[in-house]
6 protein chains.
Amino acid sequence: MKFVGFGELLVRLNPEGYYKFPQANCFNVGYTGAEANIAVSLSYMGVPSSFVTELPKNEIADCAIRRLMMYGVQTNDIIRKGERIGVYYLEKGASQRPSKIVYDRKYSAVSQSKREDYDWDAIMKDSTWFHFTGITAGLSPNMANICKDACIAAHKAGAMVSCDLNYRKNLWSPEQAQATMKSLMQYVDILIGNEEDTEKVLGIRADDSDITGGNLNIAGYEKVARQLVDTYGFKAVATTLRGSISASTNEWSAVLYKDGEFRKSKNYTIQLVDRVGGGDSFSAGLIYGFMNGYPNQKTLEFATAASCLKQTMEQDFNLSSVDDVLNLVNGNGSGRVQR
Amino acid sequence: MKFVGFGELLVRLNPEGYYKFPQANCFNVGYTGAEANIAVSLSYMGVPSSFVTELPKNEIADCAIRRLMMYGVQTNDIIRKGERIGVYYLEKGASQRPSKIVYDRKYSAVSQSKREDYDWDAIMKDSTWFHFTGITAGLSPNMANICKDACIAAHKAGAMVSCDLNYRKNLWSPEQAQATMKSLMQYVDILIGNEEDTEKVLGIRADDSDITGGNLNIAGYEKVARQLVDTYGFKAVATTLRGSISASTNEWSAVLYKDGEFRKSKNYTIQLVDRVGGGDSFSAGLIYGFMNGYPNQKTLEFATAASCLKQTMEQDFNLSSVDDVLNLVNGNGSGRVQR
Amino acid sequence: MKFVGFGELLVRLNPEGYYKFPQANCFNVGYTGAEANIAVSLSYMGVPSSFVTELPKNEIADCAIRRLMMYGVQTNDIIRKGERIGVYYLEKGASQRPSKIVYDRKYSAVSQSKREDYDWDAIMKDSTWFHFTGITAGLSPNMANICKDACIAAHKAGAMVSCDLNYRKNLWSPEQAQATMKSLMQYVDILIGNEEDTEKVLGIRADDSDITGGNLNIAGYEKVARQLVDTYGFKAVATTLRGSISASTNEWSAVLYKDGEFRKSKNYTIQLVDRVGGGDSFSAGLIYGFMNGYPNQKTLEFATAASCLKQTMEQDFNLSSVDDVLNLVNGNGSGRVQR
Amino acid sequence: MKFVGFGELLVRLNPEGYYKFPQANCFNVGYTGAEANIAVSLSYMGVPSSFVTELPKNEIADCAIRRLMMYGVQTNDIIRKGERIGVYYLEKGASQRPSKIVYDRKYSAVSQSKREDYDWDAIMKDSTWFHFTGITAGLSPNMANICKDACIAAHKAGAMVSCDLNYRKNLWSPEQAQATMKSLMQYVDILIGNEEDTEKVLGIRADDSDITGGNLNIAGYEKVARQLVDTYGFKAVATTLRGSISASTNEWSAVLYKDGEFRKSKNYTIQLVDRVGGGDSFSAGLIYGFMNGYPNQKTLEFATAASCLKQTMEQDFNLSSVDDVLNLVNGNGSGRVQR
Amino acid sequence: MKFVGFGELLVRLNPEGYYKFPQANCFNVGYTGAEANIAVSLSYMGVPSSFVTELPKNEIADCAIRRLMMYGVQTNDIIRKGERIGVYYLEKGASQRPSKIVYDRKYSAVSQSKREDYDWDAIMKDSTWFHFTGITAGLSPNMANICKDACIAAHKAGAMVSCDLNYRKNLWSPEQAQATMKSLMQYVDILIGNEEDTEKVLGIRADDSDITGGNLNIAGYEKVARQLVDTYGFKAVATTLRGSISASTNEWSAVLYKDGEFRKSKNYTIQLVDRVGGGDSFSAGLIYGFMNGYPNQKTLEFATAASCLKQTMEQDFNLSSVDDVLNLVNGNGSGRVQR
Amino acid sequence: MKFVGFGELLVRLNPEGYYKFPQANCFNVGYTGAEANIAVSLSYMGVPSSFVTELPKNEIADCAIRRLMMYGVQTNDIIRKGERIGVYYLEKGASQRPSKIVYDRKYSAVSQSKREDYDWDAIMKDSTWFHFTGITAGLSPNMANICKDACIAAHKAGAMVSCDLNYRKNLWSPEQAQATMKSLMQYVDILIGNEEDTEKVLGIRADDSDITGGNLNIAGYEKVARQLVDTYGFKAVATTLRGSISASTNEWSAVLYKDGEFRKSKNYTIQLVDRVGGGDSFSAGLIYGFMNGYPNQKTLEFATAASCLKQTMEQDFNLSSVDDVLNLVNGNGSGRVQR
């Protein structure tokens, strides 16, 4: 059992507490990236995990790698070349005030990487799962091709391939995203997205006409899932559902379509500590469940609970053990002190 | 378009997070004052703004001025003389525990200032709006007179004059406040206050007898507003309404009586980050709306949304852009991350 | 009027804010212990209070003592010998994520102390109240005996004796706890516990059979209280009731059985800042009420309000004055700023 | 053996590390005052010590008092009335950049206190030593008289009286200082000062004409000391000698004239951590030596070593035990780790 | 009198204190750039100063601009376009361990700017001094041309032009630097550099053969200066001389060749707080002296003292007033506390 | 090439900056231990390194392990059992004030470990170097035996064995140390110690009689080294020499006796940032040199320079790359910024 993730690793900088950018004299520093977050989460849960990227040869990039090593992620396949490690600045919102993210990731080493930089057959050796996201494919045309190469090698090695669509409007337009991502879908076994991703990235939108009453959205998501499976032959389609009550409180649940059945998870009302990385921790939970042969409903509940817990932690990594997650899956969300 | 505010600028010191005073080894430091907060807020929204006060010639007062400069406020008319810059200590409350403020503002430079210190005609040149508060008028008998001088000069320059009653029981008694403030009201175009100010400072209280049902308070506020307009000839009367559920959660809305119409804003339930400065940011929003010719309801909603946002930020300044406020006015209070 | 508490004093270390253990570069440091927390709380309310323990002769133990001195607690009877001061590490939870405590208290100086170390008659001179907890009795067989010695000396000095059962599963099993604690109950006047303590420590559990409807739990607690009074002759039995909605929000109330009457306090919904020490501050409030001859309902309300306030503060001490508590008892939980 | 100090207690605020005032987002907070620093130092060394002042009834003043209690100082005789607790802002210098202090102490409670506020006979009961400084006498004419009252009561109680001249140019001119202080000298047994104080406060200056060679300054200080003893009948005169190489490095030594002999201490080159409070810790060391009957040279060396150590610590208190000081007196200034 | 600087404005991120990059959980954040530092320094000294650059439209760039505004720098001519604001990471060294800087400035907005972006005649209106550095000219070929355009406009407006060669090996090779910079020298009135710059950037190196004895280096610098004046017709040539004893202690002095005379400044041994920005503060001091008609030696001493003080402060700005600098020029480097 | 270290891993807690214990509200947290520090240092230099210990199953011990993983140390052979992870509290000294360490390591998991817990043949597989210290052997009689077992297995695997005598007086007396350590010396190839260790732990002291002049100490160390080699057959003996000028400044050098030659390293005057871990980083440097076949003098210089650099960093790990060390070995101790 071995997970491989491929994507970007960035520096994350955010003012302490609820300071806005101009009020801050210092920024908390983290290191993050969609696929890296998943590798950390899985590694924290005991799954051997490797993260692949390109990073420049400098001490800040070293720090990013060490942060992964700290949580047991294998970093041997990280290629050291290129000019910069991307940065994103986060200002944490509260109540009616939204969080803000300023990206400075353009020209990052990995976004400039070339197909010949990667020996995917070697990287995928012994792997049982490969994951990438729409962010990674959207970094450059080269990167989309490299994702394809990775998928093919993964399948060759017998690994499952999952993809989180993760649409980012500052990376590309829906048109650009669709042009690229649709052609990658043939290599994907498990599709993951949030409420909007499917429409933006794959052009599939719930037909509202036959949806009525309280089951409105859910029925729409089921329909979309079926359509996706019909179109692309996915083994499973999972969607996270975020109800943004405010920047301080969110509703959080997810749905999973697999084996012809559509399932809905428990819903969590979360007092947010840091919601960034919520989707990634869901992917990690889903992969964990599938890797370990959990039944579908348990897999879905595990993924939803894992990502609920992530959002009660600072920074982008989900530092939850399997026991932590199962404890919540089993209904203990009371927050009573564990002595 | 130019705003002029006149009042005190103080040092604000508060323990980090939720530490109580005796637990703190360090105090976060801010610089604040009712009219200064408004000047910062308007300047942040792009309105040329000047703040007038007296401050001693020392490096702490320099810091206070620099903090205003940082947000673009004009500080050329600040007079440097006198002995001290006032201080207030704030212990932030939570849930059932109230915030506590210890004032140490007596003998501050501005409270000791003299009428002849100020050349109001020069200061008001090109101004289109002047604002002062009951705090400023209550600092000393001289200060009340200086406020009068400023109002007269403002009108001479063609500027509107607004006043936030802002009753502070540690500055003066209701009797003292009324003795001073009633005579200043003739110079005021726009009156602003919270639920209690009108009674304390102007002796006008809602007559409860004909108020029934759910509209109880609102109807009372309307009646008070009409009575104020009848008595003093204000062009508008605005009142903020705070529902203190706890030190962590407040309801927040406002009403505006103008052009013979009484309007109520949307109500916000705020997960408070720092509620100090809420009223000032409302005044700033109101002034912004009036200055820019917004319709009355939009002005009221803009002011209420602006002051809602302020309370989700640390310290006393409202660091919200016009876009930030309009985004909330337009119904987006979901706190979704802005990437 | 003088309070004496006997127990352990530990170092408390917790990551700042909501960081998890591996994310922390520094730990906030406090000094705490069930009976010490009560001594601080009572001293803060103006009651002369002494705390008795054993601590090694080193500078960290000095710090722990100084922290008590800062709040006026008498520390003259603290014995300086033994090898170590215990430590506990706390990771603060949020929302669905529970707080975690890692104890490192074994072999602490006080846990190794001997009966002959303490001259209880001298210590209890002038005391009017003695308090200990099940934690202290559970530290070692010697400690249980020393608690008994202290109780006997307290009664000799004319002091009341209160005991908080405070079951800790990492100290002993229910069987061990019962073997020790049952025999100590004859020395106890006022018994305090939470929902579970009575069953774990004294083996008395609400008989569910005749409990129906909404009063389910409350009726059960009354029955248990009566049974306890019948069995052990307590003058009063008080129980705190915590409803753990999440790690961020708790319900909090208490019941008191005294003078043949069973009373329930007001219920508080608390936005938690730090819930550790909640039970201790309840005990302190209860003792304060009894010491000052408050009526039973007022005593109960005072204790509940005091412990509500504690949970809105950082660290384990309740830094609330009598006025702070009475303010909440009298219905002011609005958290409005006190200027 | 009991020490009594009388003077002001202030809030001290300084930016962390080497930040200048405008760079700071938070200020470290301490509580300090010349005589309070001495009371803390003596209490830390095991001498029962009381500090007397006036402070307003507010929570910041409470904090100042608690900080003294933490180190065992008796605070029962502190009078709670008046309007404000003074503040001083400190910007720590480095190398060629000097530290800067901005005082905001005018109108402090103690500076406004009245002779009838103090029952000196009760305060001085059991005291064996009383200390005040020129700062305290310089706060107001009333304060000078109150110092006189205190001295008389001290002598009545059989206590020694020491005075540190401590000239502060922002409090008074040399002329004003001399007018007041000369008349107080008759009550003083032990006079303490730095290089400049004698000239500024008592008008006695070394006659340079007959001083030659390397002993230049020292000989001058001896002559001044003799003259002081001749004029005022002091039992001892001690002077600290600071060689300011830079804001980071100082030379530090002292001289003592007593029993007809003039003695010089060892000289220390100090890598400064915080030099404020250096003089106070010297006074405390001197008093400790005299109180404990140390020989004159040992007393001088003890005082110099104590004040050397103070300057290697943050804030104004000297947290050195008698053992710590004797260790340095005995020649161990190597800074080797004590395990 | 008005100063105009043109160059890059970057985010500066450094671990607190002496933490190395991988140890840091947070980075102190500053905003800096060679010419911006000079604008701040001159503005702090009371000289009207404007800074010109290009920055993207995002909130981090806003912060950088606000930091300049805080110190009074005019920022109206900053152009908001382009993709990124550059970043540099600084790890502060100590003793034998060197400081390390990781640059991430490539593709910054200003480095991509075009000649037509700037209306230099408008920008230079009323200016009396223009300054740029070799860093700015080295950012791109366009930037070198833009520097030329600025120089020409400056001269047209009657302003003096100064240039700090500021060679950075990660920007360009000596060959590239010389190819560009030599052709810009015709527009420069005052040339500034450190020990190595002249050789690297202009290819002029001291001929060692005739230098003997203790005046070795100094004589060499004089010869170089004369040669530079002969070649390029500079009105003055100034060189800073840093003696790096360790990362904690540096020697610092400077030489100036002007009006046919070669002068050497006093030498300072500095206990470094933060040496970055030392050269910029020297340029600012030099410009201040020339602008204010100081005699040559006084100008040199002023510049050297100013830059000595800078290195005793955190971050890259020299927050020294004219009085602060003159105090050191006049020989007061003792660091005695200024009360 | 693979290093194996065996010993204790502790929590290190120290107040920030120069705060003394009672002044601290928070403690910086590190994880350390003599052999663990060496494993980190070697791993940072690129040598595969494993650390062996016993640690309890709790989240604080997890943190300690993760900190090693962050720097690439293999932690697979760490045994998770036992009750506690030891703690040490460090108060950093300055100038004449010594650092203080309070140990709380008794009853730590590893100190209670048993011979049968370790499968040394498996652990030592592929190892080329094994290191332990006198601290580890002194933790308990069992631990001394376990060290012996490890040495034997190491030799069996063909690894070199080094030992740092590291005498700690709070662990054992010289008599106890000698009783244990002398019998372990037969398994040691490379002996390391500081000035005092040899006498305390092995009873061999320099005979002063024939030492004269400036080479006094050095000659003594040579004689001791020869005697050690004669007695125990060591392949090399290395001794670090610390000259404690103050807690802020130390002299640092070392001597090495190998292959019949006695060598002395360059001497460094260090402005200390944190001197703890200096000896461990010397051992690591020595081992690195030997492992890589450096000539003896280069090995000695490498080890001395490495340990010089360590003392300019916070915490106990030496985060120096081979290039960093060689840079200093090659004479670049100027601390010039590396851009």
# chains A, B, ... in the order shown; residues from 1 in each chain; ligands from 1

$ interface_residues --of "chain D" --to "chain A" --cutoff "12 Å" --atoms "only C-alpha atoms" --output "ChimeraX atom specification"
/D:16,19,22-26

$ residues_around --residues "Glu116 (chain D)" --least-positions-apart "4" --cutoff "12 Å" --atoms "only C-alpha atoms" --output "ChimeraX atom specification"
/D:79,112,120,142-143,145-146,149-150

$ select_by_dssp --residues "region 229-284 of chain C" --states "alpha helix (DSSP H)" --output "number ranges by chain"
C: 229-232, 278-284

$ write_last_selection --atoms "N, CA and C atoms" --output "mmCIF file, in the first residue's frame"
data_model
loop_
_atom_site.group_PDB
_atom_site.id
_atom_site.type_symbol
_atom_site.label_atom_id
_atom_site.label_comp_id
_atom_site.auth_asym_id
_atom_site.auth_seq_id
_atom_site.Cartn_x
_atom_site.Cartn_y
_atom_site.Cartn_z
ATOM 1 N N VAL C 229 -26.633 11.287 50.863
ATOM 2 C CA VAL C 229 -26.813 11.885 52.178
ATOM 3 C C VAL C 229 -27.226 10.807 53.180
ATOM 4 N N ASP C 230 -28.123 9.921 52.745
ATOM 5 C CA ASP C 230 -28.533 8.837 53.628
ATOM 6 C C ASP C 230 -27.355 7.956 54.010
ATOM 7 N N THR C 231 -26.530 7.642 53.038
ATOM 8 C CA THR C 231 -25.422 6.712 53.286
ATOM 9 C C THR C 231 -24.309 7.341 54.109
ATOM 10 N N TYR C 232 -23.910 8.572 53.727
ATOM 11 C CA TYR C 232 -22.703 9.144 54.330
ATOM 12 C C TYR C 232 -22.955 10.338 55.252
ATOM 13 N N GLY C 278 -12.973 24.305 35.275
ATOM 14 C CA GLY C 278 -14.380 24.652 35.477
ATOM 15 C C GLY C 278 -14.927 24.087 36.780
ATOM 16 N N GLY C 279 -14.679 22.816 37.017
ATOM 17 C CA GLY C 279 -15.173 22.183 38.231
ATOM 18 C C GLY C 279 -14.574 22.799 39.489
ATOM 19 N N ASP C 280 -13.292 23.120 39.437
ATOM 20 C CA ASP C 280 -12.636 23.706 40.610
ATOM 21 C C ASP C 280 -13.240 25.065 40.949
ATOM 22 N N SER C 281 -13.536 25.843 39.923
ATOM 23 C CA SER C 281 -14.101 27.163 40.196
ATOM 24 C C SER C 281 -15.525 27.034 40.729
ATOM 25 N N PHE C 282 -16.204 25.955 40.359
ATOM 26 C CA PHE C 282 -17.520 25.698 40.945
ATOM 27 C C PHE C 282 -17.373 25.420 42.447
ATOM 28 N N SER C 283 -16.423 24.559 42.781
ATOM 29 C CA SER C 283 -16.182 24.264 44.199
ATOM 30 C C SER C 283 -15.871 25.540 44.961
ATOM 31 N N ALA C 284 -15.022 26.374 44.386
ATOM 32 C CA ALA C 284 -14.654 27.619 45.059
ATOM 33 C C ALA C 284 -15.869 28.500 45.271
#

$ residues_around --residues "Asn166 (chain B)" --least-positions-apart "5" --cutoff "7 Å" --atoms "only C-alpha atoms" --output "ChimeraX atom specification"
/B:133-135,193,197

$ atom_distance --atom1 "CA of Val201 (chain A)" --atom2 "CA of Ala137 (chain A)"
11.4 Å

$ select_by_dssp --residues "region 158-314 of chain C" --states "strand (DSSP E)" --output "JSON, numbers by chain"
{"C": [160, 161, 162, 163, 164, 190, 191, 192, 193, 236, 237, 238, 239, 240, 241, 242, 243, 244, 249, 250, 251, 252, 253, 254, 255, 256, 257, 258, 261, 262, 263, 264, 268, 269, 270, 271]}

$ write_last_selection --atoms "N, CA and C atoms" --output "mmCIF file, in the first residue's frame"
data_model
loop_
_atom_site.group_PDB
_atom_site.id
_atom_site.type_symbol
_atom_site.label_atom_id
_atom_site.label_comp_id
_atom_site.auth_asym_id
_atom_site.auth_seq_id
_atom_site.Cartn_x
_atom_site.Cartn_y
_atom_site.Cartn_z
ATOM 1 N N MET C 160 -15.112 23.134 58.306
ATOM 2 C CA MET C 160 -15.906 22.289 57.432
ATOM 3 C C MET C 160 -14.944 21.559 56.491
ATOM 4 N N VAL C 161 -15.393 20.396 55.990
ATOM 5 C CA VAL C 161 -14.576 19.645 55.034
ATOM 6 C C VAL C 161 -15.396 19.386 53.766
ATOM 7 N N SER C 162 -14.836 19.791 52.658
ATOM 8 C CA SER C 162 -15.484 19.489 51.383
ATOM 9 C C SER C 162 -14.569 18.624 50.530
ATOM 10 N N CYS C 163 -15.188 17.850 49.655
ATOM 11 C CA CYS C 163 -14.417 16.952 48.783
ATOM 12 C C CYS C 163 -15.052 16.927 47.396
ATOM 13 N N ASP C 164 -14.210 17.121 46.405
ATOM 14 C CA ASP C 164 -14.655 16.965 45.014
ATOM 15 C C ASP C 164 -14.154 15.596 44.553
ATOM 16 N N ILE C 190 -19.325 18.327 52.809
ATOM 17 C CA ILE C 190 -19.917 18.773 51.550
ATOM 18 C C ILE C 190 -19.306 17.958 50.421
ATOM 19 N N LEU C 191 -20.159 17.267 49.683
ATOM 20 C CA LEU C 191 -19.650 16.442 48.587
ATOM 21 C C LEU C 191 -19.930 17.126 47.246
ATOM 22 N N ILE C 192 -18.910 17.142 46.409
ATOM 23 C CA ILE C 192 -19.039 17.768 45.093
ATOM 24 C C ILE C 192 -18.603 16.758 44.028
ATOM 25 N N GLY C 193 -19.273 16.789 42.897
ATOM 26 C CA GLY C 193 -18.873 15.873 41.834
ATOM 27 C C GLY C 193 -19.484 16.292 40.522
ATOM 28 N N ALA C 236 -24.338 18.480 52.449
ATOM 29 C CA ALA C 236 -24.785 18.942 51.133
ATOM 30 C C ALA C 236 -24.110 18.114 50.053
ATOM 31 N N VAL C 237 -24.808 17.989 48.952
ATOM 32 C CA VAL C 237 -24.248 17.309 47.779
ATOM 33 C C VAL C 237 -24.503 18.215 46.569
ATOM 34 N N ALA C 238 -23.424 18.537 45.862
ATOM 35 C CA ALA C 238 -23.556 19.395 44.688
ATOM 36 C C ALA C 238 -22.974 18.687 43.476
ATOM 37 N N THR C 239 -23.637 18.858 42.355
ATOM 38 C CA THR C 239 -23.192 18.183 41.125
ATOM 39 C C THR C 239 -23.216 19.171 39.962
ATOM 40 N N THR C 240 -22.125 19.225 39.227
ATOM 41 C CA THR C 240 -22.090 20.060 38.025
ATOM 42 C C THR C 240 -22.560 19.243 36.832
ATOM 43 N N LEU C 241 -23.226 19.913 35.914
ATOM 44 C CA LEU C 241 -23.797 19.245 34.737
ATOM 45 C C LEU C 241 -23.272 19.918 33.476
ATOM 46 N N ARG C 242 -22.442 19.188 32.771
ATOM 47 C CA ARG C 242 -21.854 19.750 31.551
ATOM 48 C C ARG C 242 -22.486 19.114 30.337
ATOM 49 N N GLY C 243 -23.046 19.944 29.454
ATOM 50 C CA GLY C 243 -23.545 19.449 28.186
ATOM 51 C C GLY C 243 -22.548 19.798 27.101
ATOM 52 N N SER C 244 -21.808 18.810 26.641
ATOM 53 C CA SER C 244 -20.752 19.083 25.668
ATOM 54 C C SER C 244 -21.325 19.107 24.266
ATOM 55 N N THR C 249 -18.373 24.911 22.402
ATOM 56 C CA THR C 249 -19.588 25.356 23.075
ATOM 57 C C THR C 249 -20.064 24.287 24.064
ATOM 58 N N ASN C 250 -20.323 24.696 25.295
ATOM 59 C CA ASN C 250 -20.822 23.781 26.311
ATOM 60 C C ASN C 250 -22.033 24.387 27.013
ATOM 61 N N GLU C 251 -22.916 23.501 27.439
ATOM 62 C CA GLU C 251 -23.953 23.887 28.383
ATOM 63 C C GLU C 251 -23.384 23.659 29.779
ATOM 64 N N TRP C 252 -23.789 24.516 30.704
ATOM 65 C CA TRP C 252 -23.225 24.395 32.046
ATOM 66 C C TRP C 252 -24.263 24.787 33.097
ATOM 67 N N SER C 253 -24.510 23.872 34.021
ATOM 68 C CA SER C 253 -25.405 24.177 35.133
ATOM 69 C C SER C 253 -25.017 23.263 36.290
ATOM 70 N N ALA C 254 -25.757 23.346 37.396
ATOM 71 C CA ALA C 254 -25.422 22.519 38.555
ATOM 72 C C ALA C 254 -26.659 22.315 39.406
ATOM 73 N N VAL C 255 -26.588 21.289 40.233
ATOM 74 C CA VAL C 255 -27.680 21.039 41.185
ATOM 75 C C VAL C 255 -27.089 20.943 42.591
ATOM 76 N N LEU C 256 -27.926 21.277 43.571
ATOM 77 C CA LEU C 256 -27.482 21.231 44.969
ATOM 78 C C LEU C 256 -28.584 20.614 45.807
ATOM 79 N N TYR C 257 -28.212 19.619 46.582
ATOM 80 C CA TYR C 257 -29.152 19.038 47.537
ATOM 81 C C TYR C 257 -28.668 19.431 48.925
ATOM 82 N N LYS C 258 -29.473 20.184 49.634
ATOM 83 C CA LYS C 258 -29.060 20.636 50.973
ATOM 84 C C LYS C 258 -30.317 20.940 51.781
ATOM 85 N N GLU C 261 -33.641 19.961 50.506
ATOM 86 C CA GLU C 261 -34.169 20.518 49.265
ATOM 87 C C GLU C 261 -33.198 20.311 48.118
ATOM 88 N N PHE C 262 -33.771 20.053 46.971
ATOM 89 C CA PHE C 262 -32.968 19.848 45.777
ATOM 90 C C PHE C 262 -33.175 21.042 44.852
ATOM 91 N N ARG C 263 -32.095 21.701 44.467
ATOM 92 C CA ARG C 263 -32.201 22.917 43.686
ATOM 93 C C ARG C 263 -31.389 22.822 42.397
ATOM 94 N N LYS C 264 -31.890 23.493 41.405
ATOM 95 C CA LYS C 264 -31.193 23.511 40.116
ATOM 96 C C LYS C 264 -30.817 24.946 39.781
ATOM 97 N N TYR C 268 -26.153 27.853 31.575
ATOM 98 C CA TYR C 268 -25.394 28.761 30.716
ATOM 99 C C TYR C 268 -24.894 28.042 29.470
ATOM 100 N N THR C 269 -25.061 28.686 28.330
ATOM 101 C CA THR C 269 -24.414 28.196 27.113
ATOM 102 C C THR C 269 -23.131 28.988 26.965
ATOM 103 N N ILE C 270 -22.005 28.306 27.044
ATOM 104 C CA ILE C 270 -20.706 28.987 27.108
ATOM 105 C C ILE C 270 -19.944 28.832 25.803
ATOM 106 N N GLN C 271 -19.496 29.958 25.237
ATOM 107 C CA GLN C 271 -18.507 29.918 24.165
ATOM 108 C C GLN C 271 -17.165 29.761 24.865
#

$ residues_around --residues "Asn58 (chain D)" --least-positions-apart "4" --cutoff "10 Å" --atoms "only C-alpha atoms" --output "MDAnalysis selection string"
(chainID B and resid 101:103) or (chainID D and resid 62:63 80:81 83:85)

$ atom_distance --atom1 "CA of Arg339 (chain A)" --atom2 "CA of Leu42 (chain A)"
25.3 Å

$ atom_distance --atom1 "CA of Arg66 (chain D)" --atom2 "CA of Gly46 (chain D)"
18.1 Å

$ residues_around --residues "Arg12 (chain D)" --least-positions-apart "5" --cutoff "6 Å" --atoms "only C-alpha atoms" --output "JSON list (two decimals) with N, CA and C atoms, in the first residue's frame"
[["chain", "number", "residue", "atom", "x", "y", "z"],
["D", 29, "VAL", "N", 5.04, 44.37, 29.09],
["D", 29, "VAL", "CA", 4.56, 45.17, 30.20],
["D", 29, "VAL", "C", 5.20, 44.72, 31.52],
["D", 30, "GLY", "N", 5.75, 45.69, 32.22],
["D", 30, "GLY", "CA", 6.30, 45.46, 33.55],
["D", 30, "GLY", "C", 5.74, 46.49, 34.50],
["D", 31, "TYR", "N", 6.06, 46.35, 35.75],
["D", 31, "TYR", "CA", 5.60, 47.30, 36.76],
["D", 31, "TYR", "C", 6.83, 47.61, 37.60],
["D", 87, "VAL", "N", 2.96, 55.88, 33.70],
["D", 87, "VAL", "CA", 3.42, 54.97, 32.66],
["D", 87, "VAL", "C", 4.79, 55.46, 32.19],
["D", 88, "TYR", "N", 5.69, 54.52, 31.90],
["D", 88, "TYR", "CA", 6.84, 54.97, 31.12],
["D", 88, "TYR", "C", 7.10, 54.00, 29.98],
["D", 89, "TYR", "N", 7.44, 54.58, 28.85],
["D", 89, "TYR", "CA", 7.69, 53.83, 27.64],
["D", 89, "TYR", "C", 9.19, 53.75, 27.43]]

$ residues_around --residues "Ser43 (chain D)" --least-positions-apart "6" --cutoff "9 Å" --atoms "only C-alpha atoms" --output "number ranges by chain"
D: 3, 49-50, 71-73

$ write_last_selection --atoms "C-alpha atoms" --output "PDB file, in the first residue's frame"
ATOM      1  CA  PHE D   3      12.503  46.874  54.894  1.00  0.00           C
ATOM      2  CA  SER D  49       9.885  43.941  52.674  1.00  0.00           C
ATOM      3  CA  SER D  50       6.974  46.289  52.404  1.00  0.00           C
ATOM      4  CA  TYR D  71       7.916  38.219  44.694  1.00  0.00           C
ATOM      5  CA  GLY D  72       6.723  38.276  48.312  1.00  0.00           C
ATOM      6  CA  VAL D  73       6.587  42.029  48.881  1.00  0.00           C
TER       7      VAL D  73
END

$ residues_around --residues "Gly203 (chain E)" --least-positions-apart "4" --cutoff "8 Å" --atoms "only C-alpha atoms" --output "PyMOL selection string"
chain E and resi 178+198-199
